[in-house]
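To be precise, the following lines are final18.cif, and they hold mmCIF, C-alpha atoms.
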```cif
data_data
#
loop_
_atom_site.label_atom_id
_atom_site.label_comp_id
_atom_site.auth_asym_id
_atom_site.auth_seq_id
_atom_site.Cartn_x
_atom_site.Cartn_y
_atom_site.Cartn_z
CA MET J 1 23.33 -10.53 -24.85
CA THR J 2 20.76 -8.67 -22.77
CA ILE J 3 19.61 -10.37 -19.58
CA ASN J 4 15.99 -9.81 -18.61
CA LYS J 5 16.27 -9.01 -14.92
CA GLN J 6 12.56 -9.53 -14.28
CA LEU J 7 12.69 -12.97 -15.89
CA VAL J 8 15.73 -13.93 -13.84
CA LEU J 9 13.96 -12.72 -10.68
CA THR J 10 10.91 -14.82 -11.55
CA TYR J 11 13.02 -17.97 -11.91
CA ILE J 12 14.76 -17.17 -8.62
CA TYR J 13 11.35 -16.95 -6.91
CA LEU J 14 10.34 -20.27 -8.47
CA LEU J 15 13.58 -21.88 -7.28
CA VAL J 16 13.07 -20.50 -3.77
CA TYR J 17 9.50 -21.86 -3.79
CA ILE J 18 10.63 -25.33 -4.88
CA LEU J 19 13.39 -25.41 -2.26
CA LEU J 20 11.16 -24.17 0.56
CA SER J 21 8.24 -26.42 -0.33
CA SER J 22 10.43 -29.50 -0.56
CA GLY J 23 12.36 -28.46 2.55
CA VAL J 24 9.24 -28.03 4.69
CA ILE J 25 7.96 -31.48 3.71
CA LEU J 26 11.27 -33.18 4.45
CA TYR J 27 11.69 -31.16 7.67
CA ASN J 28 8.22 -32.18 8.90
CA LYS J 29 8.97 -35.82 8.15
CA TRP J 30 12.29 -35.62 10.01
CA VAL J 31 10.70 -33.99 13.07
CA LEU J 32 7.74 -36.39 13.27
CA SER J 33 9.44 -39.66 12.40
CA PRO J 34 10.26 -41.93 15.38
CA LYS J 35 13.45 -42.91 13.53
CA TYR J 36 14.88 -39.39 13.53
CA PHE J 37 13.98 -36.44 15.80
CA ASN J 38 11.18 -38.57 17.27
CA PHE J 39 8.43 -36.07 17.96
CA PRO J 40 5.44 -38.26 17.00
CA LEU J 41 2.83 -35.60 17.79
CA PRO J 42 1.50 -34.27 14.47
CA ILE J 43 -1.34 -32.24 16.02
CA THR J 44 1.08 -30.48 18.36
CA LEU J 45 3.43 -29.67 15.48
CA THR J 46 0.56 -28.30 13.40
CA MET J 47 -0.66 -26.18 16.32
CA ILE J 48 2.85 -24.72 16.67
CA HIS J 49 2.68 -23.72 13.00
CA MET J 50 -0.78 -22.22 13.43
CA GLY J 51 0.16 -20.27 16.55
CA PHE J 52 3.38 -18.92 15.05
CA SER J 53 1.74 -17.94 11.74
CA GLY J 54 -1.22 -16.29 13.47
CA LEU J 55 1.13 -14.30 15.74
CA VAL J 56 3.26 -13.06 12.83
CA ALA J 57 0.13 -12.09 10.86
CA PHE J 58 -1.22 -10.21 13.90
CA LEU J 59 2.03 -8.27 14.25
CA LEU J 60 2.13 -7.41 10.54
CA ILE J 61 -1.48 -6.21 10.47
CA ARG J 62 -2.14 -4.70 13.91
CA VAL J 63 1.31 -3.57 15.08
CA PHE J 64 3.43 -2.78 12.03
CA LYS J 65 0.44 -1.93 9.77
CA VAL J 66 2.04 -3.63 6.76
CA VAL J 67 -1.35 -4.81 5.50
CA SER J 68 -4.83 -3.52 6.24
CA PRO J 69 -7.38 -6.05 7.55
CA VAL J 70 -10.37 -6.78 5.34
CA LYS J 71 -13.91 -5.87 6.36
CA MET J 72 -14.82 -9.07 8.16
CA THR J 73 -18.35 -9.27 9.52
CA PHE J 74 -19.52 -11.80 12.10
CA GLU J 75 -21.75 -13.41 9.45
CA ILE J 76 -18.86 -13.94 7.03
CA TYR J 77 -16.62 -15.23 9.81
CA ALA J 78 -19.24 -17.65 11.12
CA THR J 79 -20.45 -18.93 7.74
CA CYS J 80 -17.16 -18.85 5.79
CA VAL J 81 -13.99 -18.66 7.87
CA ILE J 82 -15.04 -21.17 10.54
CA PRO J 83 -16.06 -24.06 8.20
CA ILE J 84 -13.06 -23.44 5.93
CA SER J 85 -10.74 -23.44 8.97
CA ALA J 86 -12.30 -26.66 10.24
CA PHE J 87 -11.55 -28.58 7.04
CA PHE J 88 -8.16 -26.89 6.77
CA ALA J 89 -7.25 -28.05 10.28
CA SER J 90 -8.49 -31.55 9.44
CA SER J 91 -6.42 -31.76 6.26
CA LEU J 92 -3.27 -30.70 8.14
CA TRP J 93 -3.94 -33.09 11.01
CA PHE J 94 -4.49 -36.13 8.78
CA GLY J 95 -1.73 -35.19 6.33
CA ASN J 96 0.90 -34.75 9.02
CA THR J 97 -0.18 -37.94 10.82
CA ALA J 98 0.47 -39.92 7.63
CA TYR J 99 4.21 -39.20 8.06
CA LEU J 100 4.25 -41.54 11.02
CA PHE J 101 3.28 -44.51 8.85
CA ILE J 102 4.34 -44.05 5.21
CA SER J 103 7.26 -42.59 3.29
CA VAL J 104 7.49 -39.10 1.76
CA ALA J 105 7.83 -40.58 -1.71
CA PHE J 106 4.63 -42.61 -1.39
CA ILE J 107 2.79 -39.63 0.11
CA GLN J 108 3.72 -37.54 -2.93
CA MET J 109 2.37 -40.27 -5.19
CA LEU J 110 -0.90 -40.43 -3.26
CA LYS J 111 -1.22 -36.66 -3.62
CA ALA J 112 -1.79 -37.22 -7.32
CA LEU J 113 -5.36 -37.98 -6.18
CA MET J 114 -5.87 -34.29 -5.39
CA PRO J 115 -7.53 -33.44 -8.73
CA VAL J 116 -9.82 -36.45 -8.37
CA ALA J 117 -10.86 -35.41 -4.86
CA THR J 118 -11.36 -31.77 -5.86
CA PHE J 119 -13.37 -32.69 -8.95
CA VAL J 120 -15.62 -35.03 -6.95
CA MET J 121 -16.23 -32.38 -4.28
CA ALA J 122 -16.85 -29.71 -6.91
CA VAL J 123 -19.47 -31.89 -8.62
CA ILE J 124 -21.14 -32.69 -5.29
CA CYS J 125 -21.22 -29.00 -4.33
CA GLY J 126 -22.50 -28.02 -7.77
CA THR J 127 -19.53 -25.87 -8.80
CA ASP J 128 -18.51 -28.19 -11.63
CA LYS J 129 -20.32 -30.48 -14.03
CA LEU J 130 -19.69 -34.18 -14.57
CA ARG J 131 -18.11 -34.56 -18.03
CA CYS J 132 -17.02 -37.69 -19.82
CA ASP J 133 -13.54 -36.41 -20.76
CA ILE J 134 -12.80 -35.18 -17.24
CA PHE J 135 -14.15 -38.40 -15.75
CA LEU J 136 -11.83 -40.50 -17.95
CA ASN J 137 -8.86 -38.38 -16.84
CA MET J 138 -9.82 -38.87 -13.21
CA LEU J 139 -10.12 -42.61 -13.84
CA LEU J 140 -6.63 -42.65 -15.35
CA VAL J 141 -5.22 -40.81 -12.32
CA SER J 142 -6.93 -43.24 -9.96
CA VAL J 143 -5.61 -46.28 -11.85
CA GLY J 144 -2.10 -44.82 -11.69
CA VAL J 145 -2.32 -44.30 -7.93
CA VAL J 146 -3.63 -47.85 -7.43
CA VAL J 147 -0.72 -49.26 -9.47
CA SER J 148 1.74 -47.13 -7.51
CA SER J 149 0.20 -48.31 -4.21
CA TYR J 150 0.41 -51.94 -5.32
CA GLY J 151 4.12 -51.45 -5.96
CA GLU J 152 4.78 -49.89 -2.55
CA ILE J 153 7.09 -52.15 -0.54
CA HIS J 154 6.25 -50.63 2.85
CA PHE J 155 2.52 -50.20 2.22
CA ASN J 156 0.62 -49.25 5.37
CA ILE J 157 -3.18 -49.11 5.29
CA VAL J 158 -3.45 -46.75 8.30
CA GLY J 159 -1.06 -44.19 6.82
CA THR J 160 -2.74 -44.44 3.43
CA VAL J 161 -6.19 -43.85 4.93
CA TYR J 162 -4.89 -40.83 6.87
CA GLN J 163 -3.33 -39.32 3.75
CA VAL J 164 -6.34 -39.93 1.47
CA THR J 165 -8.69 -38.53 4.13
CA GLY J 166 -6.50 -35.45 4.40
CA ILE J 167 -6.60 -35.04 0.62
CA PHE J 168 -10.41 -35.11 0.53
CA ALA J 169 -10.60 -32.70 3.49
CA GLU J 170 -8.29 -30.32 1.63
CA ALA J 171 -10.34 -30.70 -1.56
CA LEU J 172 -13.52 -29.81 0.30
CA ARG J 173 -11.77 -26.81 1.82
CA LEU J 174 -10.78 -25.60 -1.64
CA VAL J 175 -14.32 -25.94 -2.97
CA LEU J 176 -15.75 -24.23 0.12
CA THR J 177 -13.27 -21.39 -0.35
CA GLN J 178 -14.66 -20.86 -3.83
CA VAL J 179 -18.32 -21.25 -2.88
CA LEU J 180 -18.30 -19.32 0.40
CA LEU J 181 -15.57 -16.67 0.28
CA GLN J 182 -15.36 -15.81 -3.40
CA LYS J 183 -19.11 -15.72 -3.92
CA LYS J 184 -19.20 -13.04 -1.21
CA GLY J 185 -16.52 -11.09 -3.04
CA LEU J 186 -13.97 -11.48 -0.24
CA THR J 187 -10.32 -11.73 -1.28
CA LEU J 188 -7.68 -12.65 1.26
CA ASN J 189 -3.97 -12.24 0.62
CA PRO J 190 -1.53 -14.57 2.41
CA ILE J 191 -1.16 -12.31 5.45
CA THR J 192 -4.88 -11.72 6.00
CA SER J 193 -5.49 -15.43 5.38
CA LEU J 194 -3.08 -16.25 8.19
CA TYR J 195 -4.65 -13.59 10.40
CA TYR J 196 -8.18 -15.01 10.15
CA ILE J 197 -7.71 -18.71 9.45
CA ALA J 198 -4.69 -19.69 11.57
CA PRO J 199 -6.20 -18.84 15.01
CA CYS J 200 -9.48 -20.53 14.12
CA SER J 201 -7.64 -23.66 12.93
CA PHE J 202 -5.63 -23.61 16.18
CA VAL J 203 -8.88 -23.72 18.16
CA PHE J 204 -10.23 -26.63 16.10
CA LEU J 205 -7.01 -28.58 16.61
CA PHE J 206 -7.09 -28.01 20.37
CA VAL J 207 -9.90 -30.53 20.92
CA PRO J 208 -8.21 -33.56 19.25
CA TRP J 209 -4.90 -32.46 20.82
CA TYR J 210 -6.42 -32.44 24.31
CA LEU J 211 -7.97 -35.87 23.83
CA LEU J 212 -5.23 -37.65 21.87
CA GLU J 213 -1.83 -36.05 22.41
CA LYS J 214 -1.95 -34.24 25.75
CA PRO J 215 -2.19 -37.54 27.73
CA GLU J 216 0.75 -38.94 25.76
CA MET J 217 2.84 -35.84 26.46
CA GLU J 218 2.20 -36.23 30.20
CA VAL J 219 3.44 -39.84 30.38
CA SER J 220 6.13 -39.82 27.69
CA GLN J 221 9.48 -38.09 27.72
CA ILE J 222 9.04 -35.92 24.63
CA GLN J 223 12.05 -33.83 23.69
CA PHE J 224 11.35 -30.20 22.86
CA ASN J 225 14.03 -28.17 21.12
CA PHE J 226 13.01 -24.53 20.74
CA TRP J 227 15.25 -23.84 17.75
CA ILE J 228 14.07 -26.93 15.88
CA PHE J 229 10.42 -25.94 16.16
CA PHE J 230 11.08 -22.24 15.59
CA SER J 231 13.04 -22.90 12.40
CA ASN J 232 10.42 -25.42 11.23
CA ALA J 233 7.57 -22.93 11.71
CA LEU J 234 9.66 -20.16 10.13
CA CYS J 235 10.28 -22.27 7.02
CA ALA J 236 6.55 -22.95 6.71
CA LEU J 237 5.80 -19.23 7.02
CA ALA J 238 8.49 -18.36 4.48
CA LEU J 239 6.87 -20.85 2.08
CA ASN J 240 3.61 -18.89 2.27
CA PHE J 241 5.37 -15.68 1.32
CA SER J 242 7.37 -17.33 -1.47
CA ILE J 243 4.09 -18.45 -3.03
CA PHE J 244 2.82 -14.88 -2.67
CA LEU J 245 5.82 -13.69 -4.72
CA VAL J 246 5.47 -16.46 -7.32
CA ILE J 247 1.79 -15.93 -8.08
CA GLY J 248 2.38 -12.24 -8.68
CA ARG J 249 4.90 -12.99 -11.45
CA THR J 250 3.86 -16.17 -13.25
CA GLY J 251 0.82 -17.82 -14.79
CA ALA J 252 -0.95 -21.08 -14.04
CA VAL J 253 0.98 -23.11 -16.61
CA THR J 254 4.39 -22.10 -15.22
CA ILE J 255 3.27 -22.80 -11.67
CA ARG J 256 1.89 -26.21 -12.60
CA VAL J 257 5.14 -27.17 -14.34
CA ALA J 258 7.06 -26.01 -11.25
CA GLY J 259 4.75 -28.15 -9.10
CA VAL J 260 5.41 -31.27 -11.17
CA LEU J 261 9.14 -30.60 -11.11
CA LYS J 262 9.03 -30.13 -7.34
CA ASP J 263 7.21 -33.44 -6.83
CA TRP J 264 9.81 -35.39 -8.81
CA ILE J 265 12.67 -33.62 -7.01
CA LEU J 266 11.02 -34.33 -3.67
CA ILE J 267 10.56 -38.02 -4.44
CA ALA J 268 14.22 -38.29 -5.45
CA LEU J 269 15.49 -36.35 -2.41
CA SER J 270 13.38 -38.35 0.02
CA THR J 271 14.95 -41.61 -1.16
CA LEU J 272 18.40 -40.14 -0.50
CA ILE J 273 17.65 -38.58 2.89
CA PHE J 274 15.37 -41.32 4.23
CA PRO J 275 16.70 -44.78 3.30
CA GLU J 276 13.36 -46.42 4.12
CA SER J 277 11.77 -44.52 1.20
CA THR J 278 12.46 -47.25 -1.33
CA ILE J 279 11.00 -46.69 -4.80
CA THR J 280 10.11 -49.63 -7.02
CA THR J 281 9.62 -49.74 -10.78
CA LEU J 282 5.90 -50.24 -10.24
CA ASN J 283 5.84 -47.07 -8.09
CA ILE J 284 7.33 -45.05 -10.92
CA VAL J 285 5.09 -46.58 -13.59
CA GLY J 286 1.97 -45.94 -11.51
CA TYR J 287 2.94 -42.35 -10.73
CA ALA J 288 3.76 -41.72 -14.39
CA ILE J 289 0.28 -43.00 -15.39
CA ALA J 290 -1.34 -40.75 -12.77
CA LEU J 291 0.74 -37.81 -13.92
CA CYS J 292 -0.42 -38.28 -17.52
CA GLY J 293 -4.01 -38.00 -16.32
CA VAL J 294 -3.18 -34.87 -14.32
CA VAL J 295 -1.45 -33.22 -17.29
CA MET J 296 -4.39 -33.96 -19.58
CA TYR J 297 -6.78 -32.64 -16.97
CA ASN J 298 -4.83 -29.39 -16.64
CA TYR J 299 -4.79 -29.04 -20.42
CA LEU J 300 -8.58 -29.41 -20.58
CA LYS J 301 -9.12 -26.88 -17.80
CA ILE J 302 -6.84 -24.30 -19.44
CA LYS J 303 -8.51 -24.93 -22.80
CA ASP J 304 -11.96 -24.47 -21.23
CA GLY J 305 -10.83 -21.24 -19.60
CA ARG J 306 -9.66 -19.82 -22.90
CA ALA J 307 -12.81 -20.93 -24.69
CA VAL J 308 -14.94 -19.05 -22.18
CA GLN J 309 -12.85 -15.90 -22.42
CA LEU J 310 -12.68 -15.78 -26.22
CA PRO J 311 -15.82 -14.32 -27.85
CA VAL J 312 -17.07 -15.50 -31.19
CA ASP J 313 -15.35 -12.98 -33.46
CA GLY J 314 -13.72 -13.07 -36.81
CA VAL J 315 -10.69 -15.31 -37.29
CA SER J 316 -8.20 -12.45 -37.24
CA ASP J 317 -9.78 -10.90 -34.15
CA ARG J 318 -9.81 -14.25 -32.36
CA ILE J 319 -6.14 -14.88 -33.14
CA ALA J 320 -5.19 -11.42 -31.93
CA LYS J 321 -7.22 -11.79 -28.76
CA GLU J 322 -5.86 -15.27 -28.09
CA LEU J 323 -2.31 -13.92 -28.19
CA LYS J 324 -3.32 -11.03 -25.98
CA MET J 325 -5.04 -13.29 -23.48
CA GLU J 326 -2.19 -15.82 -23.24
CA LYS J 327 -1.07 -14.40 -19.95
CA LYS J 328 -4.54 -13.55 -18.65
CA SER J 329 -5.87 -17.04 -19.26
CA SER J 330 -3.31 -18.43 -16.86
CA ASP J 331 -3.44 -15.71 -14.22
CA LEU J 332 -4.11 -17.01 -10.76
CA TYR J 333 -4.27 -14.32 -8.15
CA VAL J 334 -2.97 -10.81 -8.38
CA PRO J 335 -2.58 -9.06 -5.04
CA ASP J 336 -4.47 -5.79 -4.74
CA ASP J 337 -1.35 -3.67 -4.53
CA ILE J 338 0.10 -5.26 -7.67
CA ALA J 339 -3.19 -4.87 -9.46
CA LYS J 340 -3.41 -1.18 -8.59
CA ASN J 341 0.16 -0.50 -9.64
CA SER J 342 -0.40 -2.19 -12.97
CA GLY J 343 -3.73 -0.52 -13.53
CA GLY J 344 -5.54 -3.87 -13.65
CA LYS J 345 -7.68 -5.93 -11.35
CA GLY J 346 -7.12 -9.17 -9.52
CA THR J 347 -8.49 -12.33 -11.03
CA THR J 348 -11.97 -13.24 -9.97
CA ASN J 349 -12.56 -16.35 -11.95
CA GLY J 350 -14.93 -18.60 -10.09
CA SER J 351 -13.72 -21.96 -11.29
CA PRO J 352 -11.87 -24.11 -8.80
CA ASP J 353 -8.60 -23.86 -10.61
CA SER J 354 -5.72 -22.01 -8.82
CA ILE J 355 -2.53 -22.24 -6.83
CA VAL J 356 -2.79 -24.23 -3.68
CA ASP J 357 0.02 -25.91 -1.91
CA GLU J 358 -0.96 -28.16 0.92
CA GLU J 359 2.23 -27.13 2.58
CA ALA J 360 0.90 -23.58 2.57
CA PRO J 361 -2.81 -23.82 2.28
CA PHE J 362 -3.60 -20.43 3.73
CA ILE J 363 -3.97 -18.83 0.33
CA PRO J 364 -7.53 -19.06 -0.92
CA SER J 365 -6.70 -17.84 -4.39
CA SER J 366 -9.13 -17.02 -7.11
CA ARG J 367 -8.83 -20.42 -8.69
CA VAL J 368 -8.09 -23.74 -7.07
CA SER J 369 -5.38 -25.67 -8.83
CA HIS J 370 -5.57 -29.34 -9.70
CA LEU J 371 -1.93 -30.15 -10.34
CA GLY J 372 -1.31 -33.60 -8.99
CA ARG J 373 -2.15 -32.44 -5.64
CA SER J 374 -1.93 -28.77 -6.27
CA PRO J 375 0.74 -27.10 -8.22
CA LEU J 376 2.35 -25.25 -5.49
CA SER J 377 1.01 -28.12 -2.02
CA SER J 378 3.36 -26.33 4.70
CA TYR J 379 2.17 -27.66 6.99
CA SER J 380 0.95 -30.99 5.83
CA ALA J 381 3.39 -32.23 3.52
#
```

Once more with this new file: its structure as structure tokens, please.
Amino acid sequence: MTINKQLVLTYIYLLVYILLSSGVILYNKWVLSPKYFNFPLPITLTMIHMGFSGLVAFLLIRVFKVVSPVKMTFEIYATCVIPISAFFASSLWFGNTAYLFISVAFIQMLKALMPVATFVMAVICGTDKLRCDIFLNMLLVSVGVVVSSYGEIHFNIVGTVYQVTGIFAEALRLVLTQVLLQKKGLTLNPITSLYYIAPCSFVFLFVPWYLLEKPEMEVSQIQFNFWIFFSNALCALALNFSIFLVIGRTGAVTIRVAGVLKDWILIALSTLIFPESTITTLNIVGYAIALCGVVMYNYLKIKDGRAVQLPVDGVSDRIAKELKMEKKSSDLYVPDDIAKNSGGKGTTNGSPDSIVDEEAPFIPSSRVSHLGRSPLSSYSA
């Protein structure tokens, strides 16, 4: 029996992604929660991530010359990078703050609203059209989340508002990435994304940190363990690079399935690690309903993508082309070096349908994914 080494390597990358993504979320919860490490300063934690990631990206680009910087003009930076960084910083701030009030399991269930938020923002910004079938799917997802929220034992309105606000901020960031960056033909890989977006996000976070958390740090005895924060930031950075490896080897369908699997694993693990994360039958029923809507939505988006790519040819030609395009129709983002080596080009599809993991949202890929939250969602978990 011949073992396909490339296939095995792909599954190893997927496993590493699932472990890192779940690990970063659980690690953030443990650090922020007053019941555990007790560092209830989500803006400070996010700024540590931003500073560390920006520093590593600077070293890789300017010192070690691993990646070349893109041609970034002042106009592009001012009109694209700054607004995207602002909403990115907001989504991380609100998402991480939610950990102080609600459980990881419930947060994952609320993240099923991500496709709803992204679809609403896309319609408002004019990048998507309001369709009856999509609207019904979004309604089903919303009903599922409401049912799941009703079944939450430790429901907290403040934490829920923080999380939902973070979801809509992230959705707007994804749509802006498509509208602003991609329309200008600018493609950022994970390292260049960190290089440009992380420092800008750090600056945006400084203002709320100075007003909200700096006074608290001056009067409270906050413990600071260098190795805890270093390892936490390192895990978040490693998650970015694991996604970079995954998107170069798999298609959208595989990534979305991995995202769903990760969410279920994360919900189960959180109930074991954090006893307060109690799951009720109504939680599970509501999340299952929302997930059905998400799966149907993904199916419609993939179907639409194939319909656009397939020309009106003869039946035999269409069948042959459909088989040939099976991989292409689910391609997300192909890094430039991979594209050159394979003789192809990176994906430039303009629809908001790609890999985005709110735990590693530095990757403005060609398409913005709508899996539950996003198939692969570091920093906010």

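Minimum distance to Leu9 (chain J) across J:Thr250, J:Ser270, J:Thr280, J:Gln108 (counting all atoms listed in the file) occurs at J:Thr250.
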
Given all atoms listed in the file as the basis, pick out the residue of J:Leu266, J:Ala169, J:Val219, J:Val207 nearest to Ser103 (chain J). J:Leu266

Record the distance separating CA of Tyr297 (chain J) and CA of Ala117 (chain J), expressed in Å with one decimal.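 CA of Tyr297 (chain J) sits 13.1 Å away from CA of Ala117 (chain J).
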
Computed gap from CA of Glu170 (chain J) to CA of Met296 (chain J) is 21.9 Å

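Going from CA of Tyr195 (chain J) over to CA of Ser68 (chain J), you cover 10.9 Å.
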
Output of the PyMOL selection byres ((chain J and resi 19) around 12), listed as a ChimeraX atom specification: /J:12-18,20-27,235-236,238-239,242-243,258-259,261-263,265-266,269,376

I need the residue set behind the PyMOL selection byres ((chain J and resi 72-81) around 8) for this file; please write it as a PyMOL selection string. chain J and resi 70-71+82-85+176-177+180-181+196-197+200

Considering only C-alpha atoms, can you say which of J:Gly166, J:Val66, J:Leu45, J:Asn156 comes closest to Ile228 (chain J)? J:Leu45

Rank nothing, just name the residue among J:Ala290, J:Leu140, J:Leu172, J:Ala268 nearest to Thr127 (chain J), using all atoms listed in the file. J:Leu172

Applying 8 Å and all atoms listed in the file, which residues near Gly151 (chain J) remain after dropping the ones on its own chain fewer than 4 positions away? List them as a list in words.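 Those residues are Val147, Thr280, Thr281, Leu282 and Asn283 of chain J.
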
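Of the residues listed (J:Phe226, J:Phe241, J:Trp93, J:Phe274), J:Trp93 shows the shortest atom-to-atom separation from Val164 (chain J); distances use all atoms listed in the file.
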
Using the chain letters and numbers from this file, what does the PyMOL selection byres ((chain J and resi 209) around 12) select? Give the answer as a PyMOL selection string. chain J and resi 41-48+89-90+93+202-208+210-217

So that I can see what lies close to Met50 (chain J), please list as an MDAnalysis selection string the residues with an atom at most 8 Å from it, counting only C-alpha atoms and leaving out residues fewer than 5 positions away in the same chain. chainID J and resid 198:199 201:202

So that I can see what lies close to region 104-106 of chain J, please list as number ranges by chain the residues with an atom at most 7 Å from it, counting all atoms listed in the file and leaving out residues fewer than 3 positions away in the same chain. J: 109-110, 267, 270, 277

Those selected residues, please, written with C-alpha atoms and delivered as a short mmCIF file (atom, residue, chain, number, x, y, z; two decimals), in the frame of the given file.
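Result file again20.cif:
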```
data_model
loop_
_atom_site.label_atom_id
_atom_site.label_comp_id
_atom_site.auth_asym_id
_atom_site.auth_seq_id
_atom_site.Cartn_x
_atom_site.Cartn_y
_atom_site.Cartn_z
CA MET J 109 2.37 -40.27 -5.19
CA LEU J 110 -0.90 -40.43 -3.26
CA ILE J 267 10.56 -38.02 -4.44
CA SER J 270 13.38 -38.35 0.02
CA SER J 277 11.77 -44.52 1.20
#
```

Test item: residues at most 10 Å from Asn38 (chain J), all atoms listed in the file, excluding those fewer than 4 positions along its chain, as a list in words: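 Near Asn38 (chain J), the qualifying residues are Lys29, Trp30, Val31, Leu32, Ser33, Pro34, Leu100, Ile222 and Gln223 of chain J.
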